[in-house]
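Here is the structure we will look at.
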Amino acid sequence: MAATDRAEIARQSYLAFAAGDRAFFETRLSDDLAFSSPPDPHLDRDGWFARCWPSAGTRQQFDFVRVVDAGDEVIVTYELRRPDASGGRNTEVLTFDNDDKIVRIEVYFGWDLLAPGSQPVGVLSS
């Protein structure tokens, strides 16, 4: 697969996560996966499945703000919405190996998204 397809693999990974498609990740995650996020630094593949997979397939929706192919890395910023209308905006860096498997995931948390029609605390309405 050409490196130019890595951005599409990245997009597919979020859709597969939302759908609970574990088979996608069984084939697309490297055996040497390294995952890091602020609460979960340095998880391996088994750790990712134990910590992150229970949230998969819960009807969340990912809206892509940017997907940037940068050689071995794809940088993804997305807005996540959960069925309860909660959500957030995050950026992740996915690193691919020579077989186009995801070998590293770095998660950088952004901010919470407000439910439609709500107003942030401390903001005056006009």
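We label chains A, B, ... in the order they appear in the structure tokens, count residues from 1 in each chain, and number ligands from 1 in the order shown.
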
(Q) Considering only helix (DSSP H, G or I) as DSSP defines it on the backbone, what residues of chain A qualify? List them as an MDAnalysis selection string. (A) chainID A and resid 3:19 22:28 45:51 53:55

Expected file contents, prior selection, N, CA and C atoms, as a short mmCIF file (atom, residue, chain, number, x, y, z; two decimals), in the first residue's frame:
```
data_model
loop_
_atom_site.label_atom_id
_atom_site.label_comp_id
_atom_site.auth_asym_id
_atom_site.auth_seq_id
_atom_site.Cartn_x
_atom_site.Cartn_y
_atom_site.Cartn_z
N ALA A 3 2.23 5.05 0.69
CA ALA A 3 2.18 5.91 1.86
C ALA A 3 1.01 6.90 1.78
N THR A 4 0.60 7.25 0.58
CA THR A 4 -0.51 8.20 0.43
C THR A 4 -1.82 7.62 0.94
N ASP A 5 -1.91 6.31 1.12
CA ASP A 5 -3.12 5.69 1.64
C ASP A 5 -3.18 5.73 3.16
N ARG A 6 -2.13 6.16 3.82
CA ARG A 6 -2.10 6.15 5.29
C ARG A 6 -3.14 7.10 5.88
N ALA A 7 -3.39 8.21 5.24
CA ALA A 7 -4.43 9.12 5.74
C ALA A 7 -5.80 8.42 5.72
N GLU A 8 -6.05 7.65 4.69
CA GLU A 8 -7.32 6.92 4.61
C GLU A 8 -7.38 5.81 5.66
N ILE A 9 -6.27 5.13 5.89
CA ILE A 9 -6.23 4.11 6.95
C ILE A 9 -6.53 4.76 8.29
N ALA A 10 -5.96 5.93 8.52
CA ALA A 10 -6.21 6.65 9.77
C ALA A 10 -7.70 6.95 9.92
N ARG A 11 -8.31 7.52 8.88
CA ARG A 11 -9.76 7.81 8.93
C ARG A 11 -10.55 6.53 9.22
N GLN A 12 -10.21 5.48 8.51
CA GLN A 12 -10.91 4.20 8.69
C GLN A 12 -10.79 3.70 10.13
N SER A 13 -9.65 3.96 10.76
CA SER A 13 -9.45 3.46 12.13
C SER A 13 -10.45 4.09 13.10
N TYR A 14 -10.76 5.36 12.93
CA TYR A 14 -11.73 6.00 13.82
C TYR A 14 -13.14 5.49 13.55
N LEU A 15 -13.46 5.29 12.29
CA LEU A 15 -14.78 4.75 11.95
C LEU A 15 -14.91 3.31 12.46
N ALA A 16 -13.83 2.53 12.36
CA ALA A 16 -13.85 1.16 12.86
C ALA A 16 -13.99 1.14 14.38
N PHE A 17 -13.34 2.08 15.05
CA PHE A 17 -13.46 2.17 16.50
C PHE A 17 -14.91 2.48 16.89
N ALA A 18 -15.51 3.45 16.21
CA ALA A 18 -16.90 3.81 16.50
C ALA A 18 -17.85 2.64 16.25
N ALA A 19 -17.53 1.82 15.26
CA ALA A 19 -18.37 0.67 14.91
C ALA A 19 -18.06 -0.57 15.75
N ARG A 22 -13.34 -4.76 15.78
CA ARG A 22 -12.06 -5.21 16.32
C ARG A 22 -11.18 -5.86 15.25
N ALA A 23 -11.78 -6.52 14.27
CA ALA A 23 -11.02 -7.18 13.21
C ALA A 23 -10.13 -6.17 12.48
N PHE A 24 -10.63 -4.95 12.28
CA PHE A 24 -9.82 -3.91 11.64
C PHE A 24 -8.53 -3.70 12.43
N PHE A 25 -8.65 -3.58 13.74
CA PHE A 25 -7.48 -3.30 14.57
C PHE A 25 -6.57 -4.51 14.73
N GLU A 26 -7.14 -5.69 14.70
CA GLU A 26 -6.31 -6.89 14.77
C GLU A 26 -5.34 -6.94 13.59
N THR A 27 -5.78 -6.43 12.42
CA THR A 27 -4.91 -6.45 11.25
C THR A 27 -4.11 -5.17 11.07
N ARG A 28 -4.59 -4.04 11.61
CA ARG A 28 -3.94 -2.74 11.36
C ARG A 28 -3.00 -2.27 12.46
N ARG A 45 0.27 -2.99 22.93
CA ARG A 45 -0.93 -3.40 22.18
C ARG A 45 -1.98 -4.02 23.10
N ASP A 46 -1.56 -4.95 23.94
CA ASP A 46 -2.51 -5.58 24.86
C ASP A 46 -3.11 -4.54 25.81
N GLY A 47 -2.27 -3.60 26.26
CA GLY A 47 -2.75 -2.53 27.14
C GLY A 47 -3.77 -1.64 26.44
N TRP A 48 -3.53 -1.36 25.14
CA TRP A 48 -4.49 -0.55 24.37
C TRP A 48 -5.84 -1.25 24.29
N PHE A 49 -5.82 -2.55 23.98
CA PHE A 49 -7.08 -3.29 23.91
C PHE A 49 -7.77 -3.33 25.27
N ALA A 50 -7.00 -3.48 26.35
CA ALA A 50 -7.59 -3.54 27.69
C ALA A 50 -8.16 -2.18 28.12
N ARG A 51 -7.45 -1.11 27.82
CA ARG A 51 -7.84 0.22 28.32
C ARG A 51 -8.79 0.95 27.38
N TRP A 53 -10.26 -0.30 24.22
CA TRP A 53 -11.27 -1.03 23.46
C TRP A 53 -12.64 -1.08 24.13
N PRO A 54 -12.75 -1.12 25.45
CA PRO A 54 -14.09 -1.14 26.04
C PRO A 54 -14.97 0.06 25.63
N SER A 55 -14.37 1.15 25.18
CA SER A 55 -15.14 2.32 24.72
C SER A 55 -15.54 2.22 23.26
#
```

Could you list, as a compact mmCIF listing (two decimals) with C-alpha atoms, in the first residue's frame, every residue within 10 Å of A:Glu92, counting only C-alpha atoms and ignoring same-chain residues fewer than 6 positions away?
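Ended up saving to part-v3.txt:
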```txt
# COMPACT_ATOMS: atom_id res chain seq x y z
CA ALA A 10 -6.21 6.65 9.77
CA SER A 36 0.42 7.18 24.94
CA SER A 37 -2.15 9.64 26.24
CA VAL A 67 -6.01 14.71 8.55
CA GLU A 73 2.93 9.90 10.47
CA VAL A 74 -0.65 10.98 10.04
CA ILE A 75 -1.86 13.82 12.25
CA VAL A 76 -5.57 13.69 12.99
CA THR A 77 -7.64 16.33 14.75
CA TYR A 78 -11.22 15.30 15.36
CA ILE A 105 -0.43 6.41 18.74
CA GLU A 106 0.11 9.68 20.61
CA VAL A 107 -3.04 11.35 21.97
CA TYR A 108 -3.18 15.05 22.84
CA PHE A 109 -6.40 16.12 24.55
```

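Non-sequential neighbours of A:Asp112 (distance at most 10 Å, separation of 6 or more positions within a chain, only C-alpha atoms) are Glu79, Leu80, Arg81, Ser86, Gly87, Gly88, Arg89 and Asn90 of chain A.
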
Keeping only N, CA and C atoms, take the residues you just selected and write them out as an mmCIF file, in the first residue's frame.
```
data_model
loop_
_atom_site.group_PDB
_atom_site.id
_atom_site.type_symbol
_atom_site.label_atom_id
_atom_site.label_comp_id
_atom_site.auth_asym_id
_atom_site.auth_seq_id
_atom_site.Cartn_x
_atom_site.Cartn_y
_atom_site.Cartn_z
ATOM 1 N N GLU A 79 -13.322 15.999 16.205
ATOM 2 C CA GLU A 79 -14.305 16.316 17.226
ATOM 3 C C GLU A 79 -15.141 15.057 17.437
ATOM 4 N N LEU A 80 -15.197 14.638 18.670
ATOM 5 C CA LEU A 80 -15.897 13.416 19.059
ATOM 6 C C LEU A 80 -17.221 13.782 19.707
ATOM 7 N N ARG A 81 -18.274 13.121 19.280
ATOM 8 C CA ARG A 81 -19.589 13.252 19.919
ATOM 9 C C ARG A 81 -20.046 11.874 20.375
ATOM 10 N N SER A 86 -22.169 14.579 24.888
ATOM 11 C CA SER A 86 -20.865 15.034 25.365
ATOM 12 C C SER A 86 -19.835 14.774 24.280
ATOM 13 N N GLY A 87 -18.699 15.385 24.409
ATOM 14 C CA GLY A 87 -17.660 15.158 23.412
ATOM 15 C C GLY A 87 -16.450 16.011 23.661
ATOM 16 N N GLY A 88 -15.519 15.947 22.750
ATOM 17 C CA GLY A 88 -14.288 16.711 22.883
ATOM 18 C C GLY A 88 -13.576 16.817 21.554
ATOM 19 N N ARG A 89 -12.565 17.657 21.564
ATOM 20 C CA ARG A 89 -11.727 17.859 20.384
ATOM 21 C C ARG A 89 -10.312 17.454 20.768
ATOM 22 N N ASN A 90 -9.760 16.504 20.039
ATOM 23 C CA ASN A 90 -8.434 15.973 20.315
ATOM 24 C C ASN A 90 -7.603 15.917 19.043
#
```
